[in-house]
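This report refers to the structure that appears directly beneath it.
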Amino acid sequence: MHIPDGFLSVPTVATTYVISASGLGYSLRAARKKMGEKHVPMLGILAAFVFAAQMLNFPIAGGTSGHFLGAALAAILLGPWAALLIMACVLILQCLIFQDGGVLALGANIFNMGVIGSFSAYLIYSMTTRIIGYNRRGMLVGGFAAAWASVFLAATACSIELWASGTSPISIAFPAMAGWHALIGIGEGLITTAVLGLVTVARKDLLAMERI
Amino acid sequence: MKKMRVKWWHIALLLCLALALFSPLASGSPDGLEKVAEDKGFIEEAHEAPFQVIADYMFPGIANEALATILAGLIGTAGIFVITYGAARLIRLGKDKKTGKPVKQE
């Protein structure tokens, strides 16, 4: 879902850069307050996993592929501000070194996949586990719902940016983006719940880290 | 001499690097956004990047595409770990300076 340069207008570029930069600034402050010794390797590992997993595009349908985002997994394990920090690190590296996502579109990509992805997932996960209970079932149902929604809402934000930039009318961009990403979101949900399940079995204590 | 204990994240990092080895198997089809841009006729508006380092996850100058992709994946995975771990370490050091608490080493 990495937007290349050329799709977004100057006002959209400027707006998304301002929002993402402020969000990132706040996430640094939040991290400075709460970062514990155990958080340090966890941030590094989640970023490495997100990068490696994002390379593995999986085919969905009609000659289209999707890839894991990882914002939901990071937000569930470490909290939304830490997830934003992780996603921003990954997206900046992908943009500058791997030419995945435009330099001008970086603000929008951090906004969609970092801000929208992390916070929507965290909200939905918190609500679901509150309703079902903070047990294995609540965690997996909440994890799947949060992961699916994070991809769907990030794609929705992307379609709004395309519309605001005059690249594609919302009546065309939104159904097309929402349709494909409703399918890609299922893959996101499966990967997220698989990793959460693995962490539950292998290192349950890592689930109890303070959220940032 | 202090013996180095294997920690959970040493194994996790190896697993992430192993995951990068599978990168040549990734689907080459356009992703959701690219597909929409092709179908709705605005893919031509995309600009080429002004500079290229390891563009398209292929390490430059290697003829074997699978090898070029694996190398890019390993560099990226190791690189992002170092960057994010380092950033988190710096943030934590900043915190300890502020509160005056000593940095606890596990």
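Please note that chains go A, B, ... in the order of the structure tokens, that every chain numbers its residues from 1, and that ligands are numbered from 1 in the order shown.
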request  = Report as a PyMOL selection string the set of chain B residues whose atoms approach chain A to within 6 Å, with distances computed over only C-alpha atoms.
outcome  = chain B and resi 16+20+23+26-27+29-33+45-47+53-57+77+80-81+84-85+88+91-92+95
query = Hey, what's within 6 Å of Ala146 of chain A if we count only C-alpha atoms and toss same-chain stuff fewer than 4 positions away? As a list of chain:residue names, please?
reply = A:Ala121, A:Ile124, A:Tyr125, A:Gly142
Go ahead and dump the residues you just picked, N, CA and C atoms, as a tab-separated table (two decimals), in the first residue's frame.
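Dumped to again_2.tsv:
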```tsv
chain	number	residue	atom	x	y	z
A	121	ALA	N	-6.14	-0.34	15.22
A	121	ALA	CA	-5.95	-1.70	15.72
A	121	ALA	C	-5.98	-1.72	17.25
A	124	ILE	N	-9.60	-1.20	18.57
A	124	ILE	CA	-10.48	-2.35	18.34
A	124	ILE	C	-10.05	-3.54	19.21
A	125	TYR	N	-8.73	-3.73	19.34
A	125	TYR	CA	-8.24	-4.82	20.18
A	125	TYR	C	-8.65	-4.59	21.64
A	142	GLY	N	-9.94	-10.59	19.01
A	142	GLY	CA	-9.58	-9.17	18.98
A	142	GLY	C	-8.42	-8.91	18.04
```
Please report, as a compact mmCIF listing (two decimals) with N, CA and C atoms, in the first residue's frame, each residue of segment 31-157 of chain A to which DSSP assigns alpha helix (DSSP H) when run on this structure's backbone.
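As written to disk, part-v4.txt reads:
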```txt
# COMPACT_ATOMS: atom_id res chain seq x y z
N ALA A 31 7.51 7.30 24.39
CA ALA A 31 8.50 6.23 24.53
C ALA A 31 9.53 6.59 25.60
N ARG A 32 9.92 7.87 25.64
CA ARG A 32 10.92 8.28 26.64
C ARG A 32 10.39 8.09 28.05
N LYS A 33 9.07 8.29 28.20
CA LYS A 33 8.46 8.13 29.51
C LYS A 33 8.40 6.67 29.95
N LYS A 34 8.05 5.79 29.01
CA LYS A 34 7.70 4.42 29.42
C LYS A 34 8.67 3.33 29.00
N HIS A 39 11.61 -3.47 26.66
CA HIS A 39 11.02 -2.94 25.42
C HIS A 39 12.04 -2.86 24.30
N VAL A 40 13.32 -2.63 24.66
CA VAL A 40 14.33 -2.32 23.65
C VAL A 40 14.48 -3.42 22.59
N PRO A 41 14.76 -4.69 22.99
CA PRO A 41 14.86 -5.72 21.96
C PRO A 41 13.52 -5.99 21.27
N MET A 42 12.42 -5.82 22.01
CA MET A 42 11.10 -6.09 21.42
C MET A 42 10.83 -5.14 20.26
N LEU A 43 11.20 -3.86 20.41
CA LEU A 43 11.01 -2.90 19.31
C LEU A 43 11.83 -3.32 18.09
N GLY A 44 13.09 -3.69 18.34
CA GLY A 44 13.96 -4.11 17.24
C GLY A 44 13.43 -5.34 16.53
N ILE A 45 13.00 -6.33 17.29
CA ILE A 45 12.49 -7.58 16.69
C ILE A 45 11.22 -7.33 15.90
N LEU A 46 10.30 -6.53 16.47
CA LEU A 46 9.06 -6.29 15.73
C LEU A 46 9.33 -5.56 14.42
N ALA A 47 10.26 -4.60 14.44
CA ALA A 47 10.60 -3.88 13.21
C ALA A 47 11.21 -4.84 12.19
N ALA A 48 12.11 -5.73 12.65
CA ALA A 48 12.73 -6.70 11.74
C ALA A 48 11.68 -7.64 11.16
N PHE A 49 10.74 -8.08 12.01
CA PHE A 49 9.69 -8.98 11.52
C PHE A 49 8.79 -8.27 10.52
N VAL A 50 8.41 -7.03 10.83
CA VAL A 50 7.54 -6.27 9.92
C VAL A 50 8.23 -6.10 8.57
N PHE A 51 9.52 -5.76 8.59
CA PHE A 51 10.24 -5.56 7.32
C PHE A 51 10.29 -6.86 6.51
N ALA A 52 10.72 -7.95 7.16
CA ALA A 52 10.85 -9.22 6.44
C ALA A 52 9.50 -9.71 5.93
N ALA A 53 8.47 -9.62 6.78
CA ALA A 53 7.15 -10.12 6.40
C ALA A 53 6.53 -9.27 5.30
N GLN A 54 6.83 -7.96 5.30
CA GLN A 54 6.27 -7.08 4.26
C GLN A 54 6.81 -7.42 2.88
N MET A 55 7.98 -8.07 2.83
CA MET A 55 8.54 -8.44 1.52
C MET A 55 7.80 -9.61 0.89
N ALA A 71 1.25 -3.19 11.67
CA ALA A 71 0.92 -2.16 12.66
C ALA A 71 0.06 -2.73 13.78
N ALA A 72 -0.88 -3.61 13.41
CA ALA A 72 -1.78 -4.18 14.42
C ALA A 72 -1.00 -5.05 15.40
N LEU A 73 -0.14 -5.91 14.88
CA LEU A 73 0.65 -6.79 15.74
C LEU A 73 1.49 -5.96 16.72
N ALA A 74 2.16 -4.92 16.18
CA ALA A 74 3.00 -4.08 17.03
C ALA A 74 2.16 -3.34 18.06
N ALA A 75 0.98 -2.84 17.65
CA ALA A 75 0.14 -2.09 18.59
C ALA A 75 -0.39 -2.99 19.70
N ILE A 76 -0.73 -4.23 19.35
CA ILE A 76 -1.25 -5.17 20.35
C ILE A 76 -0.17 -5.53 21.36
N LEU A 77 1.06 -5.76 20.87
CA LEU A 77 2.14 -6.20 21.76
C LEU A 77 2.77 -5.05 22.54
N LEU A 78 2.86 -3.86 21.92
CA LEU A 78 3.64 -2.78 22.55
C LEU A 78 2.87 -1.48 22.76
N PRO A 80 0.09 1.63 20.89
CA PRO A 80 0.00 2.36 19.61
C PRO A 80 1.16 3.31 19.33
N TRP A 81 1.70 3.98 20.37
CA TRP A 81 2.80 4.93 20.12
C TRP A 81 4.07 4.19 19.73
N ALA A 82 4.33 3.08 20.40
CA ALA A 82 5.50 2.27 20.04
C ALA A 82 5.32 1.70 18.65
N ALA A 83 4.09 1.29 18.31
CA ALA A 83 3.81 0.74 16.98
C ALA A 83 4.05 1.79 15.91
N LEU A 84 3.64 3.03 16.19
CA LEU A 84 3.87 4.12 15.23
C LEU A 84 5.37 4.32 15.02
N LEU A 85 6.13 4.26 16.10
CA LEU A 85 7.58 4.42 16.02
C LEU A 85 8.20 3.32 15.14
N ILE A 86 7.77 2.08 15.37
CA ILE A 86 8.27 0.95 14.60
C ILE A 86 7.92 1.10 13.12
N MET A 87 6.65 1.40 12.84
CA MET A 87 6.20 1.53 11.45
C MET A 87 6.94 2.67 10.75
N ALA A 88 7.17 3.78 11.47
CA ALA A 88 7.87 4.91 10.86
C ALA A 88 9.31 4.51 10.51
N CYS A 89 10.00 3.79 11.41
CA CYS A 89 11.36 3.34 11.11
C CYS A 89 11.37 2.47 9.86
N VAL A 90 10.44 1.51 9.78
CA VAL A 90 10.38 0.61 8.63
C VAL A 90 10.08 1.39 7.35
N LEU A 91 9.09 2.28 7.40
CA LEU A 91 8.68 3.01 6.19
C LEU A 91 9.76 3.97 5.71
N ILE A 92 10.49 4.59 6.64
CA ILE A 92 11.57 5.51 6.25
C ILE A 92 12.68 4.72 5.56
N LEU A 93 13.05 3.56 6.14
CA LEU A 93 14.09 2.73 5.51
C LEU A 93 13.64 2.24 4.13
N GLN A 94 12.39 1.77 4.04
CA GLN A 94 11.88 1.28 2.76
C GLN A 94 11.89 2.39 1.71
N CYS A 95 11.58 3.60 2.14
CA CYS A 95 11.52 4.74 1.22
C CYS A 95 12.91 5.15 0.77
N LEU A 96 13.85 5.30 1.71
CA LEU A 96 15.16 5.85 1.37
C LEU A 96 16.09 4.83 0.73
N LEU A 106 5.97 9.97 1.79
CA LEU A 106 6.34 9.31 3.04
C LEU A 106 5.42 9.70 4.20
N GLY A 107 5.07 10.99 4.25
CA GLY A 107 4.17 11.45 5.32
C GLY A 107 2.83 10.72 5.25
N ALA A 108 2.30 10.58 4.05
CA ALA A 108 1.01 9.90 3.87
C ALA A 108 1.15 8.41 4.19
N ASN A 109 2.25 7.80 3.79
CA ASN A 109 2.44 6.38 4.08
C ASN A 109 2.57 6.13 5.58
N GLY A 117 -3.19 2.73 11.03
CA GLY A 117 -3.03 1.30 11.28
C GLY A 117 -2.89 0.99 12.76
N SER A 118 -1.97 1.68 13.44
CA SER A 118 -1.69 1.37 14.85
C SER A 118 -2.86 1.72 15.76
N PHE A 119 -3.39 2.93 15.59
CA PHE A 119 -4.42 3.37 16.54
C PHE A 119 -5.75 2.68 16.33
N SER A 120 -6.15 2.42 15.08
CA SER A 120 -7.41 1.71 14.87
C SER A 120 -7.28 0.30 15.45
N ALA A 121 -6.14 -0.34 15.22
CA ALA A 121 -5.95 -1.70 15.72
C ALA A 121 -5.98 -1.72 17.25
N TYR A 122 -5.30 -0.77 17.87
CA TYR A 122 -5.22 -0.75 19.33
C TYR A 122 -6.60 -0.55 19.95
N LEU A 123 -7.37 0.37 19.34
CA LEU A 123 -8.72 0.66 19.83
C LEU A 123 -9.61 -0.57 19.73
N ILE A 124 -9.60 -1.20 18.57
CA ILE A 124 -10.48 -2.35 18.34
C ILE A 124 -10.05 -3.54 19.21
N TYR A 125 -8.73 -3.73 19.34
CA TYR A 125 -8.24 -4.82 20.18
C TYR A 125 -8.65 -4.59 21.64
N SER A 126 -8.50 -3.35 22.13
CA SER A 126 -8.85 -3.06 23.52
C SER A 126 -10.34 -3.29 23.76
N MET A 127 -11.16 -2.82 22.79
CA MET A 127 -12.61 -2.98 22.96
C MET A 127 -13.00 -4.46 22.95
N THR A 128 -12.43 -5.22 22.02
CA THR A 128 -12.81 -6.63 21.90
C THR A 128 -12.40 -7.42 23.14
N THR A 129 -11.16 -7.18 23.61
CA THR A 129 -10.73 -7.95 24.78
C THR A 129 -11.53 -7.52 26.02
N ARG A 130 -12.03 -6.29 26.02
CA ARG A 130 -12.85 -5.87 27.16
C ARG A 130 -14.19 -6.59 27.13
N ILE A 131 -14.73 -6.80 25.93
CA ILE A 131 -16.04 -7.47 25.80
C ILE A 131 -15.89 -8.97 26.04
N ILE A 132 -14.96 -9.60 25.31
CA ILE A 132 -14.84 -11.06 25.38
C ILE A 132 -14.06 -11.50 26.61
N ARG A 136 -7.40 -16.23 25.95
CA ARG A 136 -6.90 -16.65 24.65
C ARG A 136 -7.88 -16.33 23.52
N ARG A 137 -9.18 -16.58 23.80
CA ARG A 137 -10.19 -16.36 22.76
C ARG A 137 -10.33 -14.86 22.46
N GLY A 138 -10.41 -14.05 23.52
CA GLY A 138 -10.52 -12.61 23.33
C GLY A 138 -9.33 -12.06 22.57
N MET A 139 -8.16 -12.62 22.89
CA MET A 139 -6.94 -12.14 22.24
C MET A 139 -6.92 -12.47 20.75
N LEU A 140 -7.33 -13.70 20.42
CA LEU A 140 -7.28 -14.09 19.01
C LEU A 140 -8.38 -13.42 18.20
N VAL A 141 -9.60 -13.37 18.76
CA VAL A 141 -10.70 -12.68 18.05
C VAL A 141 -10.37 -11.20 17.90
N GLY A 142 -9.94 -10.59 19.01
CA GLY A 142 -9.58 -9.17 18.98
C GLY A 142 -8.42 -8.91 18.04
N GLY A 143 -7.44 -9.81 18.05
CA GLY A 143 -6.28 -9.66 17.18
C GLY A 143 -6.66 -9.72 15.71
N PHE A 144 -7.53 -10.65 15.37
CA PHE A 144 -7.97 -10.78 13.98
C PHE A 144 -8.76 -9.55 13.54
N ALA A 145 -9.72 -9.15 14.39
CA ALA A 145 -10.56 -7.98 14.06
C ALA A 145 -9.70 -6.73 13.91
N ALA A 146 -8.77 -6.54 14.84
CA ALA A 146 -7.91 -5.35 14.83
C ALA A 146 -7.04 -5.34 13.58
N ALA A 147 -6.48 -6.50 13.23
CA ALA A 147 -5.60 -6.59 12.06
C ALA A 147 -6.38 -6.31 10.78
N TRP A 148 -7.55 -6.92 10.65
CA TRP A 148 -8.37 -6.71 9.45
C TRP A 148 -8.71 -5.23 9.32
N ALA A 149 -9.20 -4.64 10.41
CA ALA A 149 -9.63 -3.25 10.38
C ALA A 149 -8.47 -2.30 10.08
N SER A 150 -7.28 -2.62 10.58
CA SER A 150 -6.14 -1.72 10.36
C SER A 150 -5.82 -1.62 8.87
N VAL A 151 -5.88 -2.74 8.16
CA VAL A 151 -5.61 -2.73 6.72
C VAL A 151 -6.73 -2.02 5.97
N PHE A 152 -7.96 -2.34 6.34
CA PHE A 152 -9.13 -1.75 5.67
C PHE A 152 -9.13 -0.23 5.85
N LEU A 153 -8.88 0.24 7.07
CA LEU A 153 -8.94 1.67 7.34
C LEU A 153 -7.74 2.41 6.75
N ALA A 154 -6.57 1.76 6.73
CA ALA A 154 -5.41 2.39 6.09
C ALA A 154 -5.68 2.57 4.59
N ALA A 155 -6.31 1.56 3.97
CA ALA A 155 -6.65 1.65 2.55
C ALA A 155 -7.70 2.73 2.31
N THR A 156 -8.64 2.86 3.25
CA THR A 156 -9.66 3.91 3.15
C THR A 156 -9.01 5.29 3.20
N ALA A 157 -8.08 5.47 4.14
CA ALA A 157 -7.36 6.74 4.26
C ALA A 157 -6.61 7.03 2.96
```
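Separating atom CA of Ala66 of chain B from atom CA of Pro24 of chain B is a distance of 5.1 Å.
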